[in-house]
>>> print(open('coords_33.cif').read())   # mmCIF, C-alpha atoms
data_final
loop_
_atom_site.group_PDB
_atom_site.id
_atom_site.type_symbol
_atom_site.label_atom_id
_atom_site.label_comp_id
_atom_site.auth_asym_id
_atom_site.auth_seq_id
_atom_site.Cartn_x
_atom_site.Cartn_y
_atom_site.Cartn_z
ATOM 1 C CA MET D 1 -11.823 11.553 25.580
ATOM 2 C CA THR D 2 -8.512 13.399 25.956
ATOM 3 C CA PRO D 3 -5.441 11.575 24.576
ATOM 4 C CA ALA D 4 -2.276 11.189 26.639
ATOM 5 C CA ARG D 5 -0.577 13.528 24.162
ATOM 6 C CA PRO D 6 -3.005 16.406 23.397
ATOM 7 C CA TRP D 7 -1.101 17.364 20.241
ATOM 8 C CA LEU D 8 -1.739 13.999 18.565
ATOM 9 C CA PRO D 9 -5.248 14.857 17.224
ATOM 10 C CA VAL D 10 -3.865 18.064 15.721
ATOM 11 C CA LEU D 11 -1.048 16.099 14.102
ATOM 12 C CA ALA D 12 -3.600 13.591 12.792
ATOM 13 C CA VAL D 13 -5.596 16.420 11.182
ATOM 14 C CA VAL D 14 -2.475 17.848 9.525
ATOM 15 C CA VAL D 15 -1.475 14.427 8.183
ATOM 16 C CA THR D 16 -4.983 13.816 6.836
ATOM 17 C CA LEU D 17 -5.259 17.168 5.059
ATOM 18 C CA VAL D 18 -1.818 16.961 3.451
ATOM 19 C CA LEU D 19 -2.302 13.370 2.287
ATOM 20 C CA TRP D 20 -5.790 14.011 0.896
ATOM 21 C CA ALA D 21 -4.519 17.109 -0.913
ATOM 22 C CA SER D 22 -1.584 15.142 -2.310
ATOM 23 C CA ALA D 23 -4.022 12.592 -3.754
ATOM 24 C CA PHE D 24 -5.424 15.183 -6.172
ATOM 25 C CA VAL D 25 -1.903 16.018 -7.333
ATOM 26 C CA ALA D 26 -0.884 12.354 -7.661
ATOM 27 C CA ILE D 27 -4.001 11.519 -9.688
ATOM 28 C CA ARG D 28 -3.287 14.417 -12.021
ATOM 29 C CA HIS D 29 0.337 13.304 -12.336
ATOM 30 C CA LEU D 30 -0.737 9.769 -13.316
ATOM 31 C CA ALA D 31 -3.292 10.858 -15.916
ATOM 32 C CA ASP D 32 -1.037 9.933 -18.841
ATOM 33 C CA ASP D 33 0.075 6.563 -17.438
ATOM 34 C CA PHE D 34 -3.043 4.981 -15.900
ATOM 35 C CA ARG D 35 -6.609 4.976 -17.155
ATOM 36 C CA PRO D 36 -9.295 6.010 -14.631
ATOM 37 C CA GLY D 37 -10.601 2.514 -13.884
ATOM 38 C CA ALA D 38 -7.139 0.971 -13.672
ATOM 39 C CA LEU D 39 -5.949 3.682 -11.308
ATOM 40 C CA ALA D 40 -9.022 3.228 -9.096
ATOM 41 C CA LEU D 41 -8.470 -0.539 -8.898
ATOM 42 C CA GLY D 42 -4.777 -0.159 -8.114
ATOM 43 C CA ARG D 43 -5.463 2.377 -5.378
ATOM 44 C CA LEU D 44 -8.412 0.529 -3.838
ATOM 45 C CA GLY D 45 -6.699 -2.845 -3.991
ATOM 46 C CA THR D 46 -3.637 -1.494 -2.201
ATOM 47 C CA GLY D 47 -5.778 0.354 0.334
ATOM 48 C CA ALA D 48 -7.938 -2.704 1.032
ATOM 49 C CA LEU D 49 -4.878 -4.850 1.719
ATOM 50 C CA CYS D 50 -3.410 -2.279 4.122
ATOM 51 C CA LEU D 51 -6.714 -1.710 5.910
ATOM 52 C CA GLY D 52 -7.301 -5.461 6.070
ATOM 53 C CA ALA D 53 -3.963 -5.965 7.803
ATOM 54 C CA VAL D 54 -4.855 -3.313 10.396
ATOM 55 C CA ALA D 55 -8.372 -4.728 10.839
ATOM 56 C CA LEU D 56 -7.026 -8.216 11.478
ATOM 57 C CA ARG D 57 -4.729 -6.868 14.177
ATOM 58 C CA ARG D 58 -7.795 -5.285 15.774
ATOM 59 C CA ARG D 59 -10.110 -8.220 15.111
ATOM 60 C CA ARG D 60 -11.541 -8.002 18.628
ATOM 61 C CA GLN D 61 -13.239 -4.781 17.516
ATOM 62 C CA LEU D 62 -14.823 -6.463 14.491
ATOM 63 C CA VAL D 63 -18.387 -7.728 14.666
ATOM 64 C CA ARG D 64 -20.493 -9.686 12.208
ATOM 65 C CA PRO D 65 -22.480 -7.165 10.110
ATOM 66 C CA GLN D 66 -26.231 -7.332 10.590
ATOM 67 C CA ARG D 67 -28.171 -8.415 7.527
ATOM 68 C CA ILE D 68 -30.042 -5.123 7.443
ATOM 69 C CA ASP D 69 -26.759 -3.196 7.153
ATOM 70 C CA TRP D 70 -25.265 -5.043 4.199
ATOM 71 C CA TRP D 71 -27.016 -2.856 1.618
ATOM 72 C CA ARG D 72 -25.400 0.173 3.229
ATOM 73 C CA PHE D 73 -21.925 -1.354 3.090
ATOM 74 C CA VAL D 74 -22.400 -2.355 -0.542
ATOM 75 C CA THR D 75 -23.820 1.015 -1.587
ATOM 76 C CA ILE D 76 -21.044 2.938 0.171
ATOM 77 C CA GLY D 77 -18.410 0.742 -1.453
ATOM 78 C CA LEU D 78 -19.940 1.216 -4.902
ATOM 79 C CA LEU D 79 -20.509 4.969 -4.570
ATOM 80 C CA TRP D 80 -17.813 6.405 -2.308
ATOM 81 C CA TYR D 81 -14.963 4.174 -3.368
ATOM 82 C CA ALA D 82 -15.645 2.795 -6.861
ATOM 83 C CA LEU D 83 -17.730 5.519 -8.543
ATOM 84 C CA TYR D 84 -16.103 8.392 -6.655
ATOM 85 C CA MET D 85 -12.568 7.378 -7.591
ATOM 86 C CA VAL D 86 -13.254 6.419 -11.190
ATOM 87 C CA ALA D 87 -15.135 9.676 -11.826
ATOM 88 C CA LEU D 88 -12.476 11.769 -10.057
ATOM 89 C CA ASN D 89 -9.678 10.062 -11.980
ATOM 90 C CA ALA D 90 -11.501 10.720 -15.254
ATOM 91 C CA GLY D 91 -12.255 14.307 -14.265
ATOM 92 C CA GLU D 92 -8.632 15.074 -13.446
ATOM 93 C CA ARG D 93 -7.617 14.048 -16.949
ATOM 94 C CA ARG D 94 -9.454 17.201 -18.079
ATOM 95 C CA ILE D 95 -9.054 19.787 -15.305
ATOM 96 C CA ASP D 96 -6.233 20.690 -12.943
ATOM 97 C CA ALA D 97 -5.809 19.288 -9.448
ATOM 98 C CA GLY D 98 -6.671 22.531 -7.646
ATOM 99 C CA THR D 99 -9.981 23.026 -9.458
ATOM 100 C CA SER D 100 -11.006 19.415 -8.846
ATOM 101 C CA ALA D 101 -10.281 19.811 -5.128
ATOM 102 C CA MET D 102 -12.468 22.933 -5.020
ATOM 103 C CA LEU D 103 -15.336 21.067 -6.666
ATOM 104 C CA ILE D 104 -15.119 18.118 -4.280
ATOM 105 C CA GLN D 105 -15.460 20.563 -1.379
ATOM 106 C CA LEU D 106 -19.071 21.105 -2.462
ATOM 107 C CA SER D 107 -19.798 17.841 -0.635
ATOM 108 C CA PRO D 108 -20.559 19.467 2.749
ATOM 109 C CA ILE D 109 -23.429 21.504 1.305
ATOM 110 C CA LEU D 110 -24.802 18.443 -0.469
ATOM 111 C CA ILE D 111 -24.591 16.577 2.819
ATOM 112 C CA ALA D 112 -26.524 19.370 4.538
ATOM 113 C CA VAL D 113 -29.278 19.156 1.926
ATOM 114 C CA LEU D 114 -29.473 15.348 2.093
ATOM 115 C CA ALA D 115 -29.460 15.411 5.901
ATOM 116 C CA ALA D 116 -32.422 17.791 5.820
ATOM 117 C CA LEU D 117 -34.283 15.556 3.377
ATOM 118 C CA PHE D 118 -33.525 12.118 4.819
ATOM 119 C CA LEU D 119 -32.293 12.553 8.398
ATOM 120 C CA GLY D 120 -34.875 15.067 9.542
ATOM 121 C CA GLU D 121 -32.420 17.927 10.050
ATOM 122 C CA ARG D 122 -33.835 21.412 9.610
ATOM 123 C CA PHE D 123 -33.665 22.947 6.111
ATOM 124 C CA THR D 124 -32.754 26.551 6.967
ATOM 125 C CA ARG D 125 -32.497 29.710 4.907
ATOM 126 C CA TRP D 126 -28.735 29.485 5.324
ATOM 127 C CA ILE D 127 -28.742 26.167 3.441
ATOM 128 C CA VAL D 128 -30.765 27.740 0.635
ATOM 129 C CA LEU D 129 -28.432 30.754 0.417
ATOM 130 C CA GLY D 130 -25.378 28.513 0.579
ATOM 131 C CA LEU D 131 -26.787 26.324 -2.184
ATOM 132 C CA VAL D 132 -27.291 29.351 -4.417
ATOM 133 C CA LEU D 133 -23.750 30.629 -3.787
ATOM 134 C CA ALA D 134 -22.205 27.198 -4.317
ATOM 135 C CA PHE D 135 -24.144 26.684 -7.553
ATOM 136 C CA ALA D 136 -22.961 30.094 -8.769
ATOM 137 C CA GLY D 137 -19.413 29.060 -7.967
ATOM 138 C CA VAL D 138 -19.746 25.880 -10.020
ATOM 139 C CA VAL D 139 -21.113 27.886 -12.953
ATOM 140 C CA VAL D 140 -18.138 30.263 -12.775
ATOM 141 C CA ILE D 141 -15.681 27.358 -12.619
ATOM 142 C CA SER D 142 -17.389 25.721 -15.616
ATOM 143 C CA LEU D 143 -17.230 28.951 -17.632
ATOM 144 C CA GLY D 144 -13.572 29.396 -16.783
ATOM 145 C CA SER D 145 -12.757 25.781 -17.711
ATOM 146 C CA GLY D 146 -14.671 25.503 -20.975
ATOM 147 C CA GLY D 147 -11.996 26.393 -23.457
ATOM 148 C CA SER D 148 -11.266 22.936 -24.861
ATOM 149 C CA GLY D 149 -14.316 22.014 -26.875
ATOM 150 C CA GLY D 150 -16.355 21.207 -23.804
ATOM 151 C CA HIS D 151 -13.899 18.630 -22.511
ATOM 152 C CA ASP D 152 -13.052 20.727 -19.448
ATOM 153 C CA VAL D 153 -16.742 21.186 -18.661
ATOM 154 C CA LEU D 154 -17.041 17.402 -18.754
ATOM 155 C CA GLY D 155 -14.200 17.270 -16.225
ATOM 156 C CA VAL D 156 -16.156 19.611 -13.959
ATOM 157 C CA LEU D 157 -19.245 17.392 -14.255
ATOM 158 C CA LEU D 158 -17.236 14.262 -13.446
ATOM 159 C CA CYS D 159 -15.865 15.888 -10.285
ATOM 160 C CA LEU D 160 -19.402 16.876 -9.322
ATOM 161 C CA VAL D 161 -20.429 13.225 -9.713
ATOM 162 C CA SER D 162 -17.676 12.360 -7.228
ATOM 163 C CA ALA D 163 -18.918 15.036 -4.825
ATOM 164 C CA VAL D 164 -22.488 13.695 -4.989
ATOM 165 C CA ALA D 165 -21.298 10.092 -4.516
ATOM 166 C CA TYR D 166 -19.323 11.146 -1.447
ATOM 167 C CA ALA D 167 -22.226 13.101 0.045
ATOM 168 C CA VAL D 168 -24.763 10.292 -0.412
ATOM 169 C CA SER D 169 -22.335 7.757 1.031
ATOM 170 C CA LEU D 170 -21.680 9.825 4.127
ATOM 171 C CA ILE D 171 -25.413 10.019 4.840
ATOM 172 C CA LEU D 172 -25.669 6.236 4.455
ATOM 173 C CA GLN D 173 -22.599 5.651 6.620
ATOM 174 C CA LYS D 174 -23.748 7.725 9.575
ATOM 175 C CA PRO D 175 -26.000 5.008 11.123
ATOM 176 C CA LEU D 176 -23.207 2.426 10.782
ATOM 177 C CA MET D 177 -20.720 4.336 12.925
ATOM 178 C CA GLY D 178 -22.726 3.673 16.066
ATOM 179 C CA ARG D 179 -22.644 -0.093 15.516
ATOM 180 C CA TYR D 180 -19.240 -0.821 13.983
ATOM 181 C CA ALA D 181 -15.644 0.293 14.449
ATOM 182 C CA SER D 182 -14.448 2.903 11.971
ATOM 183 C CA ILE D 183 -11.685 0.624 10.689
ATOM 184 C CA GLN D 184 -14.235 -2.108 9.924
ATOM 185 C CA VAL D 185 -16.551 0.210 7.986
ATOM 186 C CA THR D 186 -13.664 1.674 5.979
ATOM 187 C CA TRP D 187 -12.080 -1.709 5.256
ATOM 188 C CA MET D 188 -15.315 -3.347 4.149
ATOM 189 C CA ALA D 189 -16.363 -0.439 1.939
ATOM 190 C CA CYS D 190 -12.903 -0.151 0.381
ATOM 191 C CA THR D 191 -12.841 -3.900 -0.323
ATOM 192 C CA ILE D 192 -16.288 -3.766 -1.943
ATOM 193 C CA GLY D 193 -15.111 -0.839 -4.071
ATOM 194 C CA ALA D 194 -12.037 -2.789 -5.151
ATOM 195 C CA ILE D 195 -14.181 -5.791 -6.098
ATOM 196 C CA ALA D 196 -16.477 -3.513 -8.124
ATOM 197 C CA CYS D 197 -13.430 -2.248 -10.052
ATOM 198 C CA LEU D 198 -12.184 -5.758 -10.935
ATOM 199 C CA PRO D 199 -13.485 -5.399 -14.550
ATOM 200 C CA PHE D 200 -10.593 -2.934 -14.964
ATOM 201 C CA ALA D 201 -8.023 -5.582 -13.996
ATOM 202 C CA GLY D 202 -6.955 -6.064 -17.608
ATOM 203 C CA GLN D 203 -6.375 -2.338 -18.004
ATOM 204 C CA LEU D 204 -4.400 -2.247 -14.767
ATOM 205 C CA VAL D 205 -2.079 -5.052 -15.877
ATOM 206 C CA SER D 206 -1.589 -3.387 -19.251
ATOM 207 C CA ASP D 207 -0.948 0.050 -17.741
ATOM 208 C CA VAL D 208 1.516 -1.310 -15.167
ATOM 209 C CA ARG D 209 3.496 -2.986 -17.943
ATOM 210 C CA ALA D 210 3.600 0.170 -20.049
ATOM 211 C CA ALA D 211 4.107 2.713 -17.253
ATOM 212 C CA PRO D 212 7.473 3.560 -15.700
ATOM 213 C CA LEU D 213 8.200 2.097 -12.283
ATOM 214 C CA SER D 214 7.875 5.542 -10.689
ATOM 215 C CA ALA D 215 4.247 5.781 -11.868
ATOM 216 C CA THR D 216 3.396 2.385 -10.382
ATOM 217 C CA LEU D 217 4.955 3.463 -7.098
ATOM 218 C CA TRP D 218 2.681 6.530 -7.153
ATOM 219 C CA VAL D 219 -0.342 4.217 -7.456
ATOM 220 C CA ILE D 220 0.870 2.309 -4.402
ATOM 221 C CA TYR D 221 1.364 5.641 -2.639
ATOM 222 C CA LEU D 222 -2.290 6.534 -3.313
ATOM 223 C CA GLY D 223 -3.451 3.263 -1.791
ATOM 224 C CA VAL D 224 -1.215 3.357 1.284
ATOM 225 C CA PHE D 225 -1.126 7.031 2.236
ATOM 226 C CA PRO D 226 -4.202 9.048 1.072
ATOM 227 C CA THR D 227 -6.442 5.973 1.411
ATOM 228 C CA ALA D 228 -5.324 3.666 4.243
ATOM 229 C CA ILE D 229 -3.315 6.055 6.436
ATOM 230 C CA ALA D 230 -5.331 9.241 5.872
ATOM 231 C CA PHE D 231 -8.656 7.560 6.622
ATOM 232 C CA THR D 232 -7.125 6.084 9.772
ATOM 233 C CA THR D 233 -5.757 9.431 11.003
ATOM 234 C CA TYR D 234 -9.095 11.059 10.162
ATOM 235 C CA GLY D 235 -10.884 8.482 12.318
ATOM 236 C CA PHE D 236 -8.433 9.071 15.168
ATOM 237 C CA ALA D 237 -8.977 12.836 14.992
ATOM 238 C CA LEU D 238 -12.750 12.341 14.888
ATOM 239 C CA THR D 239 -12.506 10.382 18.150
ATOM 240 C CA HIS D 240 -11.050 13.403 19.926
ATOM 241 C CA MET D 241 -12.722 16.310 18.084
ATOM 242 C CA SER D 242 -16.273 17.252 17.186
ATOM 243 C CA ALA D 243 -17.406 16.314 13.697
ATOM 244 C CA SER D 244 -18.313 19.910 12.822
ATOM 245 C CA SER D 245 -14.946 21.386 13.811
ATOM 246 C CA LEU D 246 -13.097 18.591 12.038
ATOM 247 C CA GLY D 247 -15.257 18.985 8.926
ATOM 248 C CA ILE D 248 -14.405 22.671 8.670
ATOM 249 C CA THR D 249 -10.694 21.822 8.440
ATOM 250 C CA THR D 250 -11.272 20.019 5.120
ATOM 251 C CA TYR D 251 -11.856 23.434 3.535
ATOM 252 C CA LEU D 252 -8.062 23.765 3.637
ATOM 253 C CA VAL D 253 -7.633 20.840 1.216
ATOM 254 C CA PRO D 254 -8.056 22.962 -1.972
ATOM 255 C CA VAL D 255 -5.516 25.484 -0.679
ATOM 256 C CA ILE D 256 -2.946 22.778 0.043
ATOM 257 C CA THR D 257 -3.731 21.108 -3.285
ATOM 258 C CA VAL D 258 -3.107 24.307 -5.246
ATOM 259 C CA LEU D 259 0.243 24.796 -3.480
ATOM 260 C CA LEU D 260 1.304 21.164 -4.043
ATOM 261 C CA ALA D 261 0.188 21.229 -7.693
ATOM 262 C CA TRP D 262 2.171 24.421 -8.260
ATOM 263 C CA ALA D 263 5.271 22.945 -6.603
ATOM 264 C CA TRP D 264 5.115 19.439 -8.136
ATOM 265 C CA LEU D 265 3.335 19.900 -11.458
ATOM 266 C CA GLY D 266 3.896 23.584 -12.189
ATOM 267 C CA GLU D 267 0.168 24.111 -12.763
ATOM 268 C CA THR D 268 -2.322 26.554 -11.292
ATOM 269 C CA PRO D 269 -6.095 26.772 -11.801
ATOM 270 C CA PRO D 270 -7.400 29.368 -14.293
ATOM 271 C CA ALA D 271 -8.246 32.759 -12.782
ATOM 272 C CA MET D 272 -12.002 32.129 -13.059
ATOM 273 C CA ALA D 273 -11.580 28.913 -11.056
ATOM 274 C CA TYR D 274 -10.266 30.912 -8.094
ATOM 275 C CA VAL D 275 -13.341 33.155 -8.203
ATOM 276 C CA GLY D 276 -15.703 30.214 -8.586
ATOM 277 C CA GLY D 277 -13.893 28.229 -5.912
ATOM 278 C CA ALA D 278 -14.152 31.125 -3.465
ATOM 279 C CA LEU D 279 -17.881 31.399 -4.183
ATOM 280 C CA ALA D 280 -18.390 27.659 -3.763
ATOM 281 C CA LEU D 281 -16.485 27.514 -0.472
ATOM 282 C CA LEU D 282 -18.348 30.602 0.756
ATOM 283 C CA GLY D 283 -21.582 28.779 -0.052
ATOM 284 C CA VAL D 284 -20.439 25.780 1.961
ATOM 285 C CA ALA D 285 -19.536 27.988 4.921
ATOM 286 C CA VAL D 286 -22.898 29.798 4.769
ATOM 287 C CA ALA D 287 -24.837 26.542 4.514
ATOM 288 C CA ARG D 288 -23.120 25.180 7.618
ATOM 289 C CA ARG D 289 -23.820 28.337 9.634
ATOM 290 C CA ARG D 290 -25.745 27.515 12.812
#
>>> encode(input="coords_33.cif", output="structure tokens")
Amino acid sequence: MTPARPWLPVLAVVVTLVLWASAFVAIRHLADDFRPGALALGRLGTGALCLGAVALRRRRQLVRPQRIDWWRFVTIGLLWYALYMVALNAGERRIDAGTSAMLIQLSPILIAVLAALFLGERFTRWIVLGLVLAFAGVVVISLGSGGSGGHDVLGVLLCLVSAVAYAVSLILQKPLMGRYASIQVTWMACTIGAIACLPFAGQLVSDVRAAPLSATLWVIYLGVFPTAIAFTTYGFALTHMSASSLGITTYLVPVITVLLAWAWLGETPPAMAYVGGALALLGVAVARRR
């Protein structure tokens, strides 16, 4: 389907990439003010409210979830939203924003492997070669980030947990997209993730009281822009572009993240992280070769 304004999908892609890249920088910026669980709850709670408002305006598109699909909604909410965000927030307390963005971009190769195992897609030699290259990249990043008594290596592992959670969730979400509107799937999963993070409510209240107002506003920014708006623009772009071509554009997120982190935080990844990141992204590109 071609939109009335052909440039709108391109604009939606640009908005999505910039906002998702900014999330890595914002999380890193908030590391000293909000604990991982509190930050996840604040972001998810804000995002769920925004998405809920949009979903209610489009309530004609909403349908009652089938009983057989509820386990998928719950699992996606627990993995992609709750676990993903808590682990990423914890990981970015130990490694820089650019390196964490590179590690998250391992998700496409994990998705390719899971699709071959569970969706019947062919497991090709390119996937094997890509897996080897990506694994080598992670090893290089870990070696280049291991100068703080192992704490940085733990940050790498936490980001890898986020990447795995994202990959598994995307495989689980694929069957839902043919039965439900994108806004409904995103809203329900985000709300479930927020509910799962409610045990961190005490931490959130405490951190909001102790943090400066600017930090709290950054939490709201994470919920409104990289979560609610960026997922919406991504869905709009996906309506007008193929999934494969749109997926390739996410490889630009680490590049934008490094530039934003340098401009806003004055930080750059260690030299070894660039080498490892290039290897990892090369592995992703090779694995997705058709």
>>> resolve_selection(input="coords_33.cif", expression="the PyMOL selection byres ((chain D and resi 273) around 9)", output="PyMOL selection string")
chain D and resi 98-99+102+137-138+140-145+269-272+274-278
>>> residues_near_point(input="coords_33.cif", point="(-22.5, -7.6, 9.7)", cutoff="12 Å", atoms="all atoms listed in the file", output="VMD selection string")
chain D and resid 62 to 74 176 179 to 181 184 to 185 188
>>> closest_residue(input="coords_33.cif", among="D:Leu78, D:Leu198, D:Val153, D:Val164", to="Leu39 in chain D", atoms="all atoms listed in the file")
D:Leu198
>>> residues_around(input="coords_33.cif", residues="Leu110 in chain D", least_positions_apart="6", cutoff="10 Å", atoms="only C-alpha atoms", output="list in words")
Ala116, Ile127, Leu131, Ala134, Ala163, Val164, Ala165, Tyr166, Ala167, Val168, Ile171, Val284 and Ala287 of chain D
>>> resolve_selection(input="coords_33.cif", expression="the PyMOL selection byres ((chain D and resi 109) around 12)", output="PyMOL selection string")
chain D and resi 103-108+110-116+123+126-135+163-164+166-168+247-248+251+280-289
>>> closest_residue(input="coords_33.cif", among="D:Leu79, D:Ala237, D:Ala215, D:Leu41", to="Pro9 in chain D", atoms="all atoms listed in the file")
D:Ala237
>>> closest_residue(input="coords_33.cif", among="D:Leu172, D:Val139, D:Cys197, D:Ala55", to="Val86 in chain D", atoms="all atoms listed in the file")
D:Cys197
>>> closest_residue(input="coords_33.cif", among="D:Val208, D:Ala263, D:Cys50, D:Leu117", to="Trp187 in chain D", atoms="only C-alpha atoms")
D:Cys50
>>> residues_around(input="coords_33.cif", residues="Gly47 in chain D", least_positions_apart="4", cutoff="9 Å", atoms="all atoms listed in the file", output="number ranges by chain")
D: 42-43, 51-52, 187, 190-191, 194, 220, 222-229
>>> write_last_selection(input="coords_33.cif", atoms="C-alpha atoms", output="compact mmCIF listing (two decimals), in the coordinates of the input")
# COMPACT_ATOMS: atom_id res chain seq x y z
CA GLY D 42 -4.78 -0.16 -8.11
CA ARG D 43 -5.46 2.38 -5.38
CA LEU D 51 -6.71 -1.71 5.91
CA GLY D 52 -7.30 -5.46 6.07
CA TRP D 187 -12.08 -1.71 5.26
CA CYS D 190 -12.90 -0.15 0.38
CA THR D 191 -12.84 -3.90 -0.32
CA ALA D 194 -12.04 -2.79 -5.15
CA ILE D 220 0.87 2.31 -4.40
CA LEU D 222 -2.29 6.53 -3.31
CA GLY D 223 -3.45 3.26 -1.79
CA VAL D 224 -1.22 3.36 1.28
CA PHE D 225 -1.13 7.03 2.24
CA PRO D 226 -4.20 9.05 1.07
CA THR D 227 -6.44 5.97 1.41
CA ALA D 228 -5.32 3.67 4.24
CA ILE D 229 -3.32 6.06 6.44
>>> residues_around(input="coords_33.cif", residues="Arg94 in chain D", least_positions_apart="6", cutoff="9 Å", atoms="only C-alpha atoms", output="PyMOL selection string")
chain D and resi 151-156
>>> closest_residue(input="coords_33.cif", among="D:Leu260, D:Ala87, D:Val253, D:Ala201", to="Val13 in chain D", atoms="all atoms listed in the file")
D:Val253
>>> decode(input="coords_33.cif", residues="range 56-77 of chain D", atoms="N, CA and C atoms", output="PDB file, in the first residue's frame")
ATOM      1  N   LEU D  56      -7.163   3.211  22.701  1.00  0.00           N
ATOM      2  CA  LEU D  56      -8.566   3.521  22.955  1.00  0.00           C
ATOM      3  C   LEU D  56      -9.170   4.359  21.832  1.00  0.00           C
ATOM      4  N   ARG D  57      -8.351   5.238  21.252  1.00  0.00           N
ATOM      5  CA  ARG D  57      -8.845   6.031  20.128  1.00  0.00           C
ATOM      6  C   ARG D  57      -9.067   5.169  18.891  1.00  0.00           C
ATOM      7  N   ARG D  58      -8.360   4.040  18.838  1.00  0.00           N
ATOM      8  CA  ARG D  58      -8.510   3.111  17.714  1.00  0.00           C
ATOM      9  C   ARG D  58      -9.181   1.818  18.167  1.00  0.00           C
ATOM     10  N   ARG D  59     -10.100   1.919  19.103  1.00  0.00           N
ATOM     11  CA  ARG D  59     -10.677   0.727  19.724  1.00  0.00           C
ATOM     12  C   ARG D  59     -11.432  -0.149  18.723  1.00  0.00           C
ATOM     13  N   ARG D  60     -11.807   0.400  17.582  1.00  0.00           N
ATOM     14  CA  ARG D  60     -12.481  -0.426  16.579  1.00  0.00           C
ATOM     15  C   ARG D  60     -11.530  -1.474  16.009  1.00  0.00           C
ATOM     16  N   GLN D  61     -10.220  -1.209  16.114  1.00  0.00           N
ATOM     17  CA  GLN D  61      -9.242  -2.177  15.611  1.00  0.00           C
ATOM     18  C   GLN D  61      -8.925  -3.260  16.636  1.00  0.00           C
ATOM     19  N   LEU D  62      -9.358  -3.055  17.882  1.00  0.00           N
ATOM     20  CA  LEU D  62      -9.037  -4.004  18.944  1.00  0.00           C
ATOM     21  C   LEU D  62     -10.014  -5.179  18.911  1.00  0.00           C
ATOM     22  N   VAL D  63      -9.486  -6.360  19.168  1.00  0.00           N
ATOM     23  CA  VAL D  63     -10.315  -7.555  19.248  1.00  0.00           C
ATOM     24  C   VAL D  63      -9.967  -8.295  20.537  1.00  0.00           C
ATOM     25  N   ARG D  64     -10.919  -9.091  21.010  1.00  0.00           N
ATOM     26  CA  ARG D  64     -10.671  -9.862  22.225  1.00  0.00           C
ATOM     27  C   ARG D  64      -9.630 -10.946  21.924  1.00  0.00           C
ATOM     28  N   PRO D  65      -8.525 -10.973  22.699  1.00  0.00           N
ATOM     29  CA  PRO D  65      -7.484 -11.984  22.442  1.00  0.00           C
ATOM     30  C   PRO D  65      -8.028 -13.394  22.620  1.00  0.00           C
ATOM     31  N   GLN D  66      -7.644 -14.290  21.745  1.00  0.00           N
ATOM     32  CA  GLN D  66      -8.020 -15.687  21.875  1.00  0.00           C
ATOM     33  C   GLN D  66      -7.265 -16.303  23.054  1.00  0.00           C
ATOM     34  N   ARG D  67      -7.912 -17.254  23.709  1.00  0.00           N
ATOM     35  CA  ARG D  67      -7.308 -17.867  24.884  1.00  0.00           C
ATOM     36  C   ARG D  67      -5.957 -18.495  24.569  1.00  0.00           C
ATOM     37  N   ILE D  68      -5.822 -19.038  23.373  1.00  0.00           N
ATOM     38  CA  ILE D  68      -4.581 -19.711  23.010  1.00  0.00           C
ATOM     39  C   ILE D  68      -3.416 -18.731  22.833  1.00  0.00           C
ATOM     40  N   ASP D  69      -3.739 -17.443  22.653  1.00  0.00           N
ATOM     41  CA  ASP D  69      -2.697 -16.443  22.417  1.00  0.00           C
ATOM     42  C   ASP D  69      -2.217 -15.747  23.687  1.00  0.00           C
ATOM     43  N   TRP D  70      -2.909 -15.940  24.790  1.00  0.00           N
ATOM     44  CA  TRP D  70      -2.560 -15.199  25.994  1.00  0.00           C
ATOM     45  C   TRP D  70      -1.147 -15.518  26.478  1.00  0.00           C
ATOM     46  N   TRP D  71      -0.723 -16.782  26.336  1.00  0.00           N
ATOM     47  CA  TRP D  71       0.622 -17.126  26.813  1.00  0.00           C
ATOM     48  C   TRP D  71       1.679 -16.392  26.008  1.00  0.00           C
ATOM     49  N   ARG D  72       1.379 -16.123  24.728  1.00  0.00           N
ATOM     50  CA  ARG D  72       2.320 -15.363  23.916  1.00  0.00           C
ATOM     51  C   ARG D  72       2.403 -13.910  24.391  1.00  0.00           C
ATOM     52  N   PHE D  73       1.245 -13.303  24.620  1.00  0.00           N
ATOM     53  CA  PHE D  73       1.246 -11.923  25.114  1.00  0.00           C
ATOM     54  C   PHE D  73       2.019 -11.808  26.428  1.00  0.00           C
ATOM     55  N   VAL D  74       1.747 -12.734  27.340  1.00  0.00           N
ATOM     56  CA  VAL D  74       2.392 -12.686  28.653  1.00  0.00           C
ATOM     57  C   VAL D  74       3.906 -12.896  28.522  1.00  0.00           C
ATOM     58  N   THR D  75       4.305 -13.869  27.723  1.00  0.00           N
ATOM     59  CA  THR D  75       5.728 -14.153  27.566  1.00  0.00           C
ATOM     60  C   THR D  75       6.457 -12.985  26.914  1.00  0.00           C
ATOM     61  N   ILE D  76       5.843 -12.392  25.890  1.00  0.00           N
ATOM     62  CA  ILE D  76       6.464 -11.233  25.237  1.00  0.00           C
ATOM     63  C   ILE D  76       6.597 -10.071  26.219  1.00  0.00           C
ATOM     64  N   GLY D  77       5.554  -9.833  27.000  1.00  0.00           N
ATOM     65  CA  GLY D  77       5.619  -8.752  27.980  1.00  0.00           C
ATOM     66  C   GLY D  77       6.702  -8.973  29.019  1.00  0.00           C
TER      67      GLY D  77
END
